[in-house]
Amino acid sequence: MLEVFVPSRDVLTSYPILLQQLQQWVGGATTPLTLLFASALLGSVLTWTRRQGQTTGPLPPSPGTALPLVGHLHLLKMGSDPRVMFSEMREKLGDIFSFYAGNRLVVVLNGYDVIREALVKKAGVFSHRAHTFVSQEMAQGKGIINTSGAEWREQRGFMERAFRSLGIGRTSTMNHKIQVEVDCLLDHLDQSCCQRQPVDFGPLLRLSFSNVIISVIYGHRFELDDPKFNNVMTALKNCFETFGNTEPLNFFPAVRFLPGDPYRFWFCIENMNVLESQLVYPELAEHEKNLGDAETDDVVATYLREVMQKQKSETPTYMDKESLVKVAGDILAGGSESPSATANWVLLYMVRFPQVQEKCYQELLDHVGKDRTPTLEDRSRLPYLEATIMEAQRHADVGPLAMAHGLARDTELRGFHLPQDAIVIVNIHSVHYEVETWGDPEVFRPERFMGEDGRVKRHPNFIPYSMGPRACPGEQMARMELFLYVSSILHRYRLSQHGPTPPSLEGRLTLINSPQPFSLSLERRC
Ligand code: HEM
C-alpha cells in the first residue's frame with residue numbers, strides 16, 4: 001500500500017537534515033556511522049560515474065551541475081512547496097525537466113499535452129511504477145499500487161473485474177452502501193447540531209468514507225466509535241502523514257539505521273503492521289473460514305475464490321494470499337484518504353463561499369425538495385452541485401503530483417532521453433492551474449464547469465484521477481460518494497464558519513493535500 005515516491009513538502013524539508021548530518025560526519029571521528037556514510041558515498045560515486053557514461057541522448061534540462069551523492073539537491077529550494085518549486089523550474093526549463101536526487105534521476109512532466117503523450121500515447125512505457133527502496137520494503141513487490149508489468153495487470157485486472165461483479169459503479173448497489181454511511185454520519189451531526197457543538201468534519205469523514213470501502217472489501221462495516229476501527233484508521237492516517245518523510249531513504253537507504261528514526265521509516269512500517277495485523281489478516285482468516293458460504297460476497301472472498309480456481313486449473317498466477325494482503329491494503333488506502341479529504345475541502349469551500357453554498361441549496365430545493373433526501377438518481381438534476389465538487393477538486397489540488405510513475409524501459413519523450421530507472425513525476429497541479437486553459441485558475445468558480453445548456457461541462461484538462469491505464473480505478477465510486485455525501489450534508493444543514501477566523505484555503509501537503517484542521521457550525525435546514 002502507498003509505497004510510491006512523491007516529492008512532498010516533507011521530502012524537501014528532510015534533505016537539509018540529511019545534508020547537515022553528512023557534513024557533521026565528514027568532519028567527525030571514525031564511528032560506525034562515518035563508515036556507513038563512507039560506504040554510501042563510495043557506492044553513490046561509483047554508480048554516479050557509471051551513469052554519466054551511459055546516457056545515450058540529452059536528458060531533460062536540469063537546474064545546474066549535479067554533484068556526486070547529492071545530485072541537484074544542493075540547488076533545489078529545500079523546504080519549499082514542491083508545486084511552487086516545479087512551477088518556477090518549468091518556467092526556466094520547459095515542460096519536461098529533470099534533477100538528480102542523490103544518484104537517482106527524477107523527471108517531472110508538466111502540462112496536459114506532455115502528460116497525455118506520456119501516460120496515454122506511450123502508456124506501454126509510462127504505466128510502470130518506479131522501483132524504490134521504501135516501496136520494496138513496504139509492499140514486498142506485491143499489490144496494485146507498487147507493482148508493474150504482468151503482475152500489476154493481473155492484480156489491477158482483478159480489482160476492476162471484482163468491482164464490476166460486485167456492482168460497484170452501479171447506482172443501485174452504491175446508493176445503498178453509501179447511504180448507510182451517510183445516514184450514520186447525519187445522525188452523528190444531528191447530535192452536534194442539537195447541542196450547538198462545532199464539528200471537525202476531517203476525522204468523521206475519514207471514518208465514514210473508510211467504512212464504505214471496507215464494506216466493499218470485507219462485506220461489513222464498523223461502528224464509528226469501534227476502538228479497533230479507530231485504531232486501524234489512525235494507523236492508516238499516520239502512514240499517509242509521514243510517508244513523505246521516508247523519501248530520502250530511496251536515495252540513501254543506509255540512513256534508516258540512524259538513531260531516532262528521523263525519516264519516520266520505522267514509524268511507517270510499524271503503522272502498516274498495525275493495519276495489516278489488526279484488520280487485514282484477521283479479516284482474511286475469517287473469510288477463509290466462511291468461503292463456502294454463498295452469502296460472502298466481497299473483494300476478499302472473490303479474490304480467494306479466484307486463487308482457488310487458478311490453483312485447481314494450474315493456471316500460472318501472481319495471485320496469492322500475500323498479494324491479497326497488499327491488494328486489500330491498497331484499495332483501502334486509495335478509497336479512504338483521497339475521497340474523504342476531497343469531501344472535507346468541498347465543505348470548507350462552502351463556508352468560504354456562502355453564495356455558492358446557497359446556490360447549491362436552492363438547486364437541491366428545486367429538484368429534490370424538502371420531503372426526501374437526495375439519491376444518486378438526482379445527479380443529472382443537480383449540475384451546479386456537481387460543478388461545485390469538480391471546481392473544489394481542481395482548486396484544492398488534492399493529489400497535485402499523483403503517484404510517481406516509472407519506465408518499462410529506456411525511452412524518448414519529445415527528443416529527450418529518459419533512462420529506465422528514472423522516477424517520473426506527473427505534475428497534475430501544472431494542468432489544473434494552467435492559465436491558458438482556465439484563464440483565472442486561482443479563482444474558485446464552479447461556473448467554469450457549467451455548459452451554456454445548463455448541464456455539467458466535462459473538461460478534458462480536469463484530471464484529478466490522472467490519465468491512461470494507471471488512472472485511478474476508484475473514480476466512479478469516488479464520484480458517487482462525493483455527490484451523495486455533499487448533497488446530503490448541504491440538503492440538511494447550513495454550514496458556517498466557527499469562530500472569528502475562516503478556515504484556511506492553504507492545505508497540508510503530505511502524500512495528498514488535505515485541509516488544515518477546522519471546525520464548522522451547523523444549523524439544521526429541514
Ligand atoms: C476523490 C477521490 C480520489 C482521487 C482524487 C484519486 C486519485 C488517484 C490518483 C491521482 C491515482 C494515481 C494515478 C496514477 O498513478 O497516475 C490513484 C490511484 C489509485 N486509486 Fe484513487 N483516487 C480517489 C479515490 C479512490 C477510491 C475510492 C479508490 C478505491 C475504491 C481508489 C483506489 C486507487 C488505487 C488502488 C490506485 C492505484 C492504481 C494503480 O496503481 O494501478 N482511489 N487515485
# chains A, B, ... in the order shown; residues from 1 in each chain; ligands from 1
call {"tool": "residues_near_ligand", "arguments": {"ligand": "ligand 1", "cutoff": "7 Å", "atoms": "only C-alpha atoms and all ligand atoms", "output": "PyMOL selection string"}}
result
chain A and resi 144-146+156+213+330-332+334-336+338-339+342+398-399+402-405+464-467+470-475+477-479
call {"tool": "write_last_selection", "arguments": {"atoms": "N, CA and C atoms", "output": "tab-separated table (two decimals), in the first residue's frame"}}
result
chain	number	residue	atom	x	y	z
A	144	ILE	N	-1.29	-3.60	-5.87
A	144	ILE	CA	-1.66	-2.90	-7.10
A	144	ILE	C	-0.79	-1.67	-7.29
A	145	ILE	N	-0.69	-0.87	-6.22
A	145	ILE	CA	-0.06	0.45	-6.37
A	145	ILE	C	1.41	0.32	-6.74
A	146	ASN	N	2.10	-0.66	-6.17
A	146	ASN	CA	3.55	-0.73	-6.36
A	146	ASN	C	4.05	-1.84	-7.25
A	156	ARG	N	-4.55	-5.55	-10.88
A	156	ARG	CA	-5.46	-4.44	-11.19
A	156	ARG	C	-6.66	-4.97	-11.98
A	213	ILE	N	-15.60	1.79	1.80
A	213	ILE	CA	-14.69	0.92	1.05
A	213	ILE	C	-14.45	-0.39	1.82
A	330	ASP	N	-4.08	-1.69	-0.43
A	330	ASP	CA	-4.03	-0.63	-1.46
A	330	ASP	C	-5.42	-0.07	-1.74
A	331	ILE	N	-6.41	-0.94	-1.82
A	331	ILE	CA	-7.76	-0.46	-2.13
A	331	ILE	C	-8.28	0.38	-0.96
A	332	LEU	N	-7.98	-0.07	0.26
A	332	LEU	CA	-8.41	0.71	1.43
A	332	LEU	C	-7.70	2.07	1.46
A	334	GLY	N	-6.39	3.75	-1.03
A	334	GLY	CA	-6.89	4.61	-2.12
A	334	GLY	C	-8.29	5.12	-1.82
A	335	GLY	N	-9.11	4.26	-1.19
A	335	GLY	CA	-10.53	4.59	-1.02
A	335	GLY	C	-10.85	5.36	0.24
A	336	SER	N	-9.85	5.70	1.06
A	336	SER	CA	-10.18	6.40	2.30
A	336	SER	C	-9.71	7.85	2.30
A	338	SER	N	-8.08	10.02	0.06
A	338	SER	CA	-8.33	10.98	-1.04
A	338	SER	C	-9.79	11.41	-1.10
A	339	PRO	N	-10.76	10.46	-1.11
A	339	PRO	CA	-12.14	10.93	-1.19
A	339	PRO	C	-12.60	11.68	0.05
A	342	THR	N	-11.20	15.14	-0.04
A	342	THR	CA	-11.88	15.93	-1.07
A	342	THR	C	-13.22	16.45	-0.54
A	398	VAL	N	-6.02	18.24	-4.54
A	398	VAL	CA	-5.93	17.15	-3.55
A	398	VAL	C	-4.75	16.20	-3.79
A	399	GLY	N	-4.55	15.84	-5.06
A	399	GLY	CA	-3.40	14.96	-5.38
A	399	GLY	C	-2.52	15.64	-6.41
A	402	ALA	N	0.01	13.31	-8.22
A	402	ALA	CA	-0.48	11.95	-8.44
A	402	ALA	C	0.38	10.95	-7.64
A	403	MET	N	0.66	9.80	-8.22
A	403	MET	CA	1.62	8.86	-7.63
A	403	MET	C	2.73	8.73	-8.65
A	404	ALA	N	3.95	8.68	-8.19
A	404	ALA	CA	5.06	8.69	-9.15
A	404	ALA	C	5.01	7.46	-10.05
A	405	HIS	N	5.35	7.66	-11.30
A	405	HIS	CA	5.43	6.56	-12.27
A	405	HIS	C	6.88	6.15	-12.47
A	464	PRO	N	-8.15	14.96	-11.99
A	464	PRO	CA	-7.76	14.63	-10.61
A	464	PRO	C	-7.49	13.14	-10.42
A	465	TYR	N	-8.00	12.31	-11.34
A	465	TYR	CA	-7.80	10.87	-11.20
A	465	TYR	C	-6.68	10.37	-12.11
A	466	SER	N	-5.92	11.34	-12.70
A	466	SER	CA	-4.82	11.03	-13.62
A	466	SER	C	-5.35	10.50	-14.94
A	467	MET	N	-4.48	9.92	-15.75
A	467	MET	CA	-4.87	9.50	-17.11
A	467	MET	C	-4.22	8.17	-17.45
A	470	ARG	N	-3.09	3.63	-15.83
A	470	ARG	CA	-2.78	3.65	-14.41
A	470	ARG	C	-3.72	4.60	-13.66
A	471	ALA	N	-4.63	5.26	-14.39
A	471	ALA	CA	-5.54	6.22	-13.74
A	471	ALA	C	-6.32	5.53	-12.63
A	472	CYS	N	-6.82	6.32	-11.69
A	472	CYS	CA	-7.47	5.78	-10.50
A	472	CYS	C	-8.61	4.81	-10.85
A	473	PRO	N	-8.55	3.56	-10.36
A	473	PRO	CA	-9.63	2.61	-10.63
A	473	PRO	C	-10.87	2.86	-9.76
A	474	GLY	N	-10.75	3.81	-8.81
A	474	GLY	CA	-11.90	4.06	-7.91
A	474	GLY	C	-12.67	5.30	-8.31
A	475	GLU	N	-12.39	5.84	-9.52
A	475	GLU	CA	-13.00	7.13	-9.90
A	475	GLU	C	-14.53	7.12	-9.82
A	477	MET	N	-16.56	5.21	-8.23
A	477	MET	CA	-17.04	5.10	-6.85
A	477	MET	C	-16.85	6.43	-6.12
A	478	ALA	N	-15.69	7.04	-6.31
A	478	ALA	CA	-15.40	8.31	-5.62
A	478	ALA	C	-16.41	9.37	-6.03
A	479	ARG	N	-16.75	9.41	-7.32
A	479	ARG	CA	-17.68	10.45	-7.78
A	479	ARG	C	-19.06	10.27	-7.17
call {"tool": "select_by_dssp", "arguments": {"residues": "region 275-502 of chain A", "states": "strand (DSSP E or B)", "output": "PyMOL selection string"}}
result
chain A and resi 405-406+411-413+416-418+423-427+450+456+493-497
call {"tool": "residues_around", "arguments": {"residues": "Arg153 (chain A)", "least_positions_apart": "6", "cutoff": "12 Å", "atoms": "only C-alpha atoms", "output": "ChimeraX atom specification"}}
result
/A:124,127-128,142-147,159-161,317-319,469-470
call {"tool": "write_last_selection", "arguments": {"atoms": "C-alpha atoms", "output": "PDB file, in the first residue's frame"}}
result
ATOM      1  CA  GLY A 124       3.154   0.827 -22.517  1.00  0.00           C
ATOM      2  CA  SER A 127       2.462   2.794 -16.863  1.00  0.00           C
ATOM      3  CA  HIS A 128       5.226   1.319 -14.721  1.00  0.00           C
ATOM      4  CA  LYS A 142       3.070  -7.076  -4.288  1.00  0.00           C
ATOM      5  CA  GLY A 143      -0.353  -5.427  -4.582  1.00  0.00           C
ATOM      6  CA  ILE A 144      -1.664  -2.899  -7.102  1.00  0.00           C
ATOM      7  CA  ILE A 145      -0.057   0.446  -6.367  1.00  0.00           C
ATOM      8  CA  ASN A 146       3.555  -0.727  -6.357  1.00  0.00           C
ATOM      9  CA  THR A 147       3.631  -3.421  -8.998  1.00  0.00           C
ATOM     10  CA  MET A 159      -9.833  -5.281  -8.890  1.00  0.00           C
ATOM     11  CA  GLU A 160     -11.696  -3.983 -11.934  1.00  0.00           C
ATOM     12  CA  ARG A 161     -13.402  -7.352 -12.517  1.00  0.00           C
ATOM     13  CA  THR A 317      -0.729 -16.600 -11.472  1.00  0.00           C
ATOM     14  CA  TYR A 318       0.663 -13.856  -9.263  1.00  0.00           C
ATOM     15  CA  MET A 319      -2.456 -14.034  -7.112  1.00  0.00           C
ATOM     16  CA  PRO A 469      -4.146   2.694 -17.840  1.00  0.00           C
ATOM     17  CA  ARG A 470      -2.782   3.654 -14.411  1.00  0.00           C
TER      18      ARG A 470
END
call {"tool": "residues_around", "arguments": {"residues": "Phe229 (chain A)", "least_positions_apart": "6", "cutoff": "10 Å", "atoms": "only C-alpha atoms", "output": "list in words"}}
result
Leu207, Ser210, Asn211, Arg221, Phe222, Glu223, Ala235, Leu275, Gln278 and Leu279 of chain A
call {"tool": "residues_around", "arguments": {"residues": "region 449-461 of chain A", "least_positions_apart": "5", "cutoff": "7 Å", "atoms": "only C-alpha atoms", "output": "list in words"}}
result
Tyr112, Pro383, Ala387 and Val431 of chain A
call {"tool": "write_last_selection", "arguments": {"atoms": "C-alpha atoms", "output": "short mmCIF file (atom, residue, chain, number, x, y, z; two decimals), in the first residue's frame"}}
result
data_model
loop_
_atom_site.label_atom_id
_atom_site.label_comp_id
_atom_site.auth_asym_id
_atom_site.auth_seq_id
_atom_site.Cartn_x
_atom_site.Cartn_y
_atom_site.Cartn_z
CA TYR A 112 -1.73 18.45 -20.30
CA PRO A 383 -25.44 20.08 -12.28
CA ALA A 387 -19.75 21.52 -10.92
CA VAL A 431 -2.59 21.07 -15.55
#
call {"tool": "atom_distance", "arguments": {"atom1": "CA of Gly244 (chain A)", "atom2": "CA of Arg508 (chain A)"}}
result
12.0 Å
